[in-house]
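Take a look at the structure below.
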Amino acid sequence: MLLVALLGLLFGPGCPDPKAEPDPLAGARSEMVERQIAARGVRDARVLHVMREVPRHLFVPPEQVSEAYEDHPLPIGSGQTISQPYVVAFMTEQLRLTGTERVLEIGTGSGYQTAVLSRLAAEVYSIEIRPELAAEAKGRLETFGAKNVEVRAADGFYGWPEAAPFDGILVTAAPETVPEPLLAQLAPGGRMVIPVGGFYQELKVIERTPDGFREKSVLPVRFVPFVGEAERHRADDVPR
Ligand code: SAH
C-alpha cells in the first residue's frame, strides 16, 4: 500500500498542485521515524527531528526511491549499501551531539549519514575509499545544501590528521580491530561508534577518558568490510 502511494506521488500526473506540500515524501519519512526508529528506543529529540527532515530518497539510486523509507539497507552501487534508517539513527544518537562538535565519518557511501551528521554537529569530515562513491556523495551533499561538510576519497584507516582531534568518530564499515590512528584522533571525552568483527560484528562505543579508553558493545550488526590497510590488521580469533 505504502509502495503504491509512494509510486503514485513520484510518478503520478505531472501537473503540480500549488497547494501541495513542498516535500511529498515528508509523510513517509515521519512514519519511518515513528515506526522504525522511535518505536525501537531512539530518544534523542534532535536526532529524531533531523531524521524527519533529511530527504533520504535523494541519497539512493533512482530505481530505489520507492523503497527509500523502508526498514532495510539498500544497494547504492559498487557492491555497497546505505544503512538501515534505524541503524543510522541509533549510531548517531550514540555520539551524543549537541551541535558544537567536530565529527569524522569513515565510509561516506551514499552521503546520507553524512547529511544527518551535518545537521547535528558543527563540522563533518567524511572519508570514502571508493572515489566514484565519494564523488557522487559530494554532489548529493551539495544539492542537499550541506556547507559544513568535507568529503575526501582516501583510506579511512589513517583518519584525517589535519582536522583532528574529533569529538565524535562514526565508522560505517567493519574492521576486525579498531584502527590505531582513529583512536589517536579521538579528543578527550570524545566518542567513537564503530562496528568491529568479521562475519559476526558488534557495534562498539569507545569513549576517550582521562586515563585511556572505555569500550562497550551496544548492538549486533552487519556492515560491509573495512577494506584497505585495516585488512593487514586482522584479529586471529574472528570467524569470517
Ligand atoms: N554511511 C553510508 C554507508 C555506506 S557502506 C551510507 O549512509 O550510505 C560503507 C562504506 O564504507 C562503503 O561506501 C565503502 O566503500 C566504505 N569503506 C570501506 N572501507 C573503507 C575505508 N578503509 N576507508 C573509507 N571508506 C571505506
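Naming scheme: A, B, ... for chains in displayed order of the C-alpha cells; residues 1 onward per chain; ligands 1 onward as shown.
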With only C-alpha atoms and all ligand atoms counted and 6 Å as the cut-off, give the residues of chain A in contact with ligand 1, each with its shortest interatomic distance in Å and the pair that gives it, as a tab-separated table.
```
residue	atom	partner	partner_atom_place_in_ligand_line	distance
A:Gln80	CA	ligand 1	5 (S)	5.2
A:Thr81	CA	ligand 1	5 (S)	4.8
A:Ile82	CA	ligand 1	8 (O)	3.5
A:Ser83	CA	ligand 1	7 (O)	5.3
A:Ile106	CA	ligand 1	24 (C)	5.1
A:Gly107	CA	ligand 1	11 (O)	3.2
A:Thr108	CA	ligand 1	1 (N)	5.0
A:Gly109	CA	ligand 1	13 (O)	3.4
A:Ser110	CA	ligand 1	8 (O)	3.8
A:Gly111	CA	ligand 1	8 (O)	5.4
A:Tyr112	CA	ligand 1	7 (O)	4.5
A:Gln113	CA	ligand 1	7 (O)	4.2
A:Ile127	CA	ligand 1	24 (C)	5.1
A:Glu128	CA	ligand 1	25 (N)	3.7
A:Ile129	CA	ligand 1	24 (C)	4.0
A:Arg130	CA	ligand 1	15 (O)	5.2
A:Asp155	CA	ligand 1	23 (N)	3.9
A:Gly156	CA	ligand 1	23 (N)	3.5
A:Phe157	CA	ligand 1	22 (N)	5.3
A:Thr172	CA	ligand 1	9 (C)	5.0
A:Ala173	CA	ligand 1	9 (C)	4.6
A:Val224	CA	ligand 1	9 (C)	5.9
A:Phe226	CA	ligand 1	19 (N)	3.6
A:Val227	CA	ligand 1	19 (N)	4.1
A:Gly228	CA	ligand 1	22 (N)	5.0
```
Could you save the residues just selected, with N, CA and C atoms, as a compact mmCIF listing (two decimals), in the first residue's frame?
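Saved to part-v5.txt:
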```txt
# COMPACT_ATOMS: atom_id res chain seq x y z
N GLN A 80 28.09 -1.71 -2.46
CA GLN A 80 27.95 -1.12 -1.12
C GLN A 80 26.48 -0.84 -0.82
N THR A 81 26.20 -0.53 0.44
CA THR A 81 24.81 -0.29 0.83
C THR A 81 24.67 0.97 1.68
N ILE A 82 23.48 1.57 1.63
CA ILE A 82 23.12 2.65 2.55
C ILE A 82 22.47 1.96 3.74
N SER A 83 22.91 2.29 4.95
CA SER A 83 22.46 1.56 6.13
C SER A 83 20.96 1.74 6.37
N ILE A 106 33.81 7.66 8.71
CA ILE A 106 34.54 6.81 7.76
C ILE A 106 33.52 5.95 7.03
N GLY A 107 33.53 6.02 5.69
CA GLY A 107 32.57 5.27 4.87
C GLY A 107 31.41 6.16 4.45
N THR A 108 31.72 7.19 3.65
CA THR A 108 30.69 8.15 3.22
C THR A 108 29.55 7.45 2.50
N GLY A 109 29.89 6.48 1.63
CA GLY A 109 28.86 5.75 0.87
C GLY A 109 27.97 6.70 0.11
N SER A 110 26.68 6.64 0.38
CA SER A 110 25.70 7.50 -0.31
C SER A 110 25.79 8.96 0.14
N GLY A 111 26.33 9.19 1.33
CA GLY A 111 26.34 10.55 1.89
C GLY A 111 25.16 10.81 2.80
N TYR A 112 24.26 9.84 2.95
CA TYR A 112 23.07 10.08 3.79
C TYR A 112 23.42 10.28 5.27
N GLN A 113 24.23 9.37 5.79
CA GLN A 113 24.64 9.52 7.20
C GLN A 113 25.40 10.85 7.40
N ILE A 127 35.28 10.38 4.97
CA ILE A 127 36.25 9.72 4.08
C ILE A 127 35.62 8.49 3.45
N GLU A 128 35.77 8.38 2.13
CA GLU A 128 35.25 7.23 1.39
C GLU A 128 36.37 6.68 0.52
N ILE A 129 36.61 5.37 0.60
CA ILE A 129 37.75 4.79 -0.12
C ILE A 129 37.48 4.63 -1.62
N ARG A 130 36.21 4.53 -2.00
CA ARG A 130 35.89 4.36 -3.44
C ARG A 130 35.63 5.73 -4.05
N ASP A 155 41.79 6.18 2.15
CA ASP A 155 41.60 5.06 3.08
C ASP A 155 41.38 5.63 4.48
N GLY A 156 40.19 5.40 5.03
CA GLY A 156 39.84 5.96 6.34
C GLY A 156 40.64 5.40 7.50
N PHE A 157 41.42 4.35 7.24
CA PHE A 157 42.25 3.77 8.31
C PHE A 157 43.11 4.84 8.99
N THR A 172 31.25 3.37 9.33
CA THR A 172 30.16 2.55 8.80
C THR A 172 30.65 1.40 7.93
N ALA A 173 31.90 0.95 8.15
CA ALA A 173 32.40 -0.28 7.55
C ALA A 173 33.14 -0.99 8.69
N VAL A 224 29.42 -3.77 5.71
CA VAL A 224 30.40 -4.22 4.71
C VAL A 224 31.79 -4.13 5.35
N PHE A 226 35.61 -3.20 6.22
CA PHE A 226 36.50 -2.03 6.16
C PHE A 226 37.70 -2.50 5.35
N VAL A 227 37.85 -2.02 4.11
CA VAL A 227 38.92 -2.52 3.24
C VAL A 227 40.15 -1.62 3.34
N GLY A 228 41.22 -2.01 2.63
CA GLY A 228 42.44 -1.20 2.64
C GLY A 228 43.39 -1.66 3.73
```
| Long-range neighbours of A:Leu141 as a VMD selection string, 8 Å cut-off, only C-alpha atoms, 4 positions minimum in chain | chain A and resid 111 115 137 145 to 146
| task | Show which residues sit within 10 Å of A:Thr92, as JSON, numbers by chain. Count only C-alpha atoms, and ignore same-chain residues fewer than 6 positions away. | result | {"A": [42, 44, 47, 86, 113, 116, 117, 120, 168, 169, 170, 193]}
Just all heavy atoms for this one: save the residues we selected as a CSV table (one decimal), in the first residue's frame.
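Saved to part35.csv:
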```
chain,number,residue,atom,x,y,z
A,42,VAL,N,15.1,4.9,20.1
A,42,VAL,CA,15.9,6.1,19.9
A,42,VAL,C,15.1,7.3,20.5
A,42,VAL,O,14.0,7.5,20.2
A,42,VAL,CB,16.2,6.4,18.4
A,42,VAL,CG1,16.9,7.7,18.2
A,42,VAL,CG2,17.1,5.2,17.9
A,44,ASP,N,16.8,10.6,21.5
A,44,ASP,CA,17.4,11.9,21.3
A,44,ASP,C,16.5,12.8,20.3
A,44,ASP,O,16.4,12.5,19.1
A,44,ASP,CB,18.8,11.8,20.7
A,44,ASP,CG,19.5,13.1,20.6
A,44,ASP,OD1,18.9,14.1,20.3
A,44,ASP,OD2,20.8,13.1,20.9
A,47,VAL,N,18.0,14.1,17.1
A,47,VAL,CA,18.2,13.0,16.1
A,47,VAL,C,16.9,12.7,15.4
A,47,VAL,O,16.8,12.6,14.2
A,47,VAL,CB,18.8,11.7,16.8
A,47,VAL,CG1,18.9,10.6,15.7
A,47,VAL,CG2,20.2,12.0,17.3
A,86,TYR,N,17.1,2.9,11.0
A,86,TYR,CA,17.2,2.7,12.4
A,86,TYR,C,18.7,2.7,12.8
A,86,TYR,O,19.1,3.3,13.8
A,86,TYR,CB,16.6,1.4,12.9
A,86,TYR,CG,16.9,1.0,14.3
A,86,TYR,CD1,16.5,1.8,15.3
A,86,TYR,CD2,17.7,-0.1,14.5
A,86,TYR,CE1,16.9,1.5,16.6
A,86,TYR,CE2,18.1,-0.5,15.8
A,86,TYR,CZ,17.7,0.3,16.9
A,86,TYR,OH,18.0,0.0,18.2
A,113,GLN,N,24.2,9.4,5.8
A,113,GLN,CA,24.6,9.5,7.2
A,113,GLN,C,25.4,10.8,7.4
A,113,GLN,O,25.2,11.5,8.4
A,113,GLN,CB,25.5,8.3,7.6
A,113,GLN,CG,26.2,8.4,8.9
A,113,GLN,CD,25.3,8.0,10.1
A,113,GLN,OE1,25.0,6.9,10.3
A,113,GLN,NE2,25.0,9.0,10.9
A,116,VAL,N,22.9,13.6,7.7
A,116,VAL,CA,22.3,13.6,9.1
A,116,VAL,C,23.3,14.3,10.1
A,116,VAL,O,22.9,15.2,10.8
A,116,VAL,CB,21.9,12.2,9.5
A,116,VAL,CG1,21.6,12.1,10.9
A,116,VAL,CG2,20.8,11.7,8.6
A,117,LEU,N,24.5,13.9,10.0
A,117,LEU,CA,25.5,14.4,10.9
A,117,LEU,C,25.7,15.9,10.7
A,117,LEU,O,25.9,16.7,11.7
A,117,LEU,CB,26.9,13.7,10.7
A,117,LEU,CG,26.9,12.3,11.2
A,117,LEU,CD1,28.2,11.6,10.7
A,117,LEU,CD2,26.8,12.1,12.7
A,120,LEU,N,23.6,18.0,12.8
A,120,LEU,CA,23.7,17.8,14.3
A,120,LEU,C,25.0,18.3,14.9
A,120,LEU,O,25.1,18.3,16.1
A,120,LEU,CB,23.5,16.3,14.6
A,120,LEU,CG,22.0,15.9,14.3
A,120,LEU,CD1,22.0,14.3,14.3
A,120,LEU,CD2,21.1,16.4,15.4
A,168,GLY,N,33.6,13.3,17.9
A,168,GLY,CA,32.9,12.1,17.5
A,168,GLY,C,33.5,11.5,16.3
A,168,GLY,O,33.9,12.2,15.4
A,169,ILE,N,33.6,10.2,16.3
A,169,ILE,CA,34.0,9.4,15.1
A,169,ILE,C,33.0,8.4,14.8
A,169,ILE,O,32.7,7.6,15.7
A,169,ILE,CB,35.4,8.8,15.2
A,169,ILE,CG1,36.5,9.9,15.5
A,169,ILE,CG2,35.8,8.0,14.0
A,169,ILE,CD1,37.9,9.4,15.6
A,170,LEU,N,32.4,8.3,13.6
A,170,LEU,CA,31.4,7.3,13.3
A,170,LEU,C,31.9,6.5,12.1
A,170,LEU,O,32.2,7.1,11.0
A,170,LEU,CB,30.1,8.1,13.0
A,170,LEU,CG,28.8,7.2,12.9
A,170,LEU,CD1,27.6,8.1,13.3
A,170,LEU,CD2,28.6,6.7,11.5
A,193,VAL,N,31.9,5.5,17.4
A,193,VAL,CA,30.9,4.4,17.2
A,193,VAL,C,31.4,3.6,16.0
A,193,VAL,O,31.6,4.2,14.9
A,193,VAL,CB,29.5,5.0,16.9
A,193,VAL,CG1,28.5,3.8,16.8
A,193,VAL,CG2,29.1,5.9,18.0
```
| request: Once DSSP has gone over the backbone, tell me which residues of stretch 18-197 of chain A are in helix (DSSP H, G or I), as a ChimeraX atom specification. | output: /A:26-38,45-53,56-59,62-67,85-94,112-118,131-144,156-158,161-163,180-184
| message | When DSSP is applied to the backbone of this structure, which of stretch 56-130 of chain A are assigned strand (DSSP E)? Write them out as number ranges by chain. | response | A: 74-77, 80-82, 102-106, 123-128
Contact table stretch 41-130 of chain A vs stretch 22-26 of chain A, cut-off 9 Å, shortest pair per residue, only C-alpha atoms, as a Markdown table:
```
| residue | atom | partner | partner_atom | distance |
| --- | --- | --- | --- | --- |
| A:Arg52 | CA | A:Ala26 | CA | 7.3 |
| A:Glu53 | CA | A:Ala26 | CA | 7.6 |
| A:Pro55 | CA | A:Leu25 | CA | 7.9 |
| A:His57 | CA | A:Leu25 | CA | 8.4 |
| A:Tyr69 | CA | A:Leu25 | CA | 8.9 |
```
| request: Figure out the distance between atom CA of A:Thr143 and atom CA of A:Ala174, please, to one decimal in Å. | output: 28.7 Å
| said: Using Å and a single decimal, report how far atom CA of A:Val151 sits from atom CA of A:Val54. | reply: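 Between atom CA of A:Val54 and atom CA of A:Val151 the gap is 18.2 Å.
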| note | Counting only C-alpha atoms, closest pick from A:Gly159, A:Gly212, A:Pro220, A:Gly41 relative to A:Glu105 is A:Gly159
| query | By how many Å are atom CA of A:Leu183 and atom CA of A:Phe213 apart? | reply |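 Atom CA of A:Leu183 sits 8.6 Å away from atom CA of A:Phe213.
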| message | Taking 5 positions as the minimum chain separation for residues in the same chain, which residues sit within 12 Å of A:Lys147 when counting only C-alpha atoms? Answer as a list of chain:residue names. | response |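 Near neighbours after the sequence-gap exclusion: A:Thr114, A:Ala115, A:Leu117, A:Ser118, A:Arg119, A:Ala121, A:Ala122, A:Glu123, A:Val124, A:Tyr125, A:Lys138, A:Arg140, A:Leu141, A:Glu142.
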Selected residues written out with N, CA, C and O atoms, as a compact mmCIF listing (two decimals), in the first residue's frame:
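Resulting contents of result.txt:
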```
# COMPACT_ATOMS: atom_id res chain seq x y z
N THR A 114 26.19 11.22 6.40
CA THR A 114 26.92 12.49 6.44
C THR A 114 25.95 13.66 6.54
O THR A 114 26.17 14.60 7.31
N ALA A 115 24.88 13.60 5.74
CA ALA A 115 23.88 14.68 5.75
C ALA A 115 23.23 14.78 7.12
O ALA A 115 23.04 15.88 7.66
N LEU A 117 24.54 13.87 10.00
CA LEU A 117 25.54 14.43 10.93
C LEU A 117 25.71 15.93 10.73
O LEU A 117 25.89 16.68 11.69
N SER A 118 25.62 16.37 9.46
CA SER A 118 25.86 17.79 9.18
C SER A 118 24.84 18.69 9.86
O SER A 118 25.12 19.85 10.14
N ARG A 119 23.66 18.16 10.15
CA ARG A 119 22.61 18.94 10.81
C ARG A 119 22.72 18.89 12.34
O ARG A 119 21.97 19.55 13.04
N ALA A 121 26.02 18.52 14.05
CA ALA A 121 27.36 18.87 14.54
C ALA A 121 27.81 20.15 13.84
O ALA A 121 27.18 20.59 12.88
N ALA A 122 28.91 20.73 14.31
CA ALA A 122 29.40 21.97 13.70
C ALA A 122 30.14 21.70 12.39
O ALA A 122 29.96 22.39 11.40
N GLU A 123 30.99 20.66 12.39
CA GLU A 123 31.79 20.35 11.20
C GLU A 123 31.83 18.84 11.01
O GLU A 123 31.98 18.11 11.99
N VAL A 124 31.74 18.41 9.76
CA VAL A 124 31.81 16.98 9.47
C VAL A 124 32.87 16.72 8.40
O VAL A 124 32.88 17.38 7.34
N TYR A 125 33.75 15.80 8.68
CA TYR A 125 34.78 15.36 7.74
C TYR A 125 34.46 13.92 7.41
O TYR A 125 34.31 13.11 8.33
N LYS A 138 29.53 13.68 -2.76
CA LYS A 138 29.84 15.12 -2.73
C LYS A 138 28.75 15.90 -3.46
O LYS A 138 28.25 16.90 -2.97
N ARG A 140 25.65 14.99 -4.09
CA ARG A 140 24.36 14.95 -3.38
C ARG A 140 24.37 15.88 -2.17
O ARG A 140 23.38 16.55 -1.90
N LEU A 141 25.50 15.93 -1.49
CA LEU A 141 25.58 16.78 -0.29
C LEU A 141 25.52 18.26 -0.68
O LEU A 141 24.97 19.08 0.05
N GLU A 142 26.06 18.58 -1.88
CA GLU A 142 25.94 19.97 -2.36
C GLU A 142 24.48 20.28 -2.66
O GLU A 142 23.96 21.33 -2.28
```
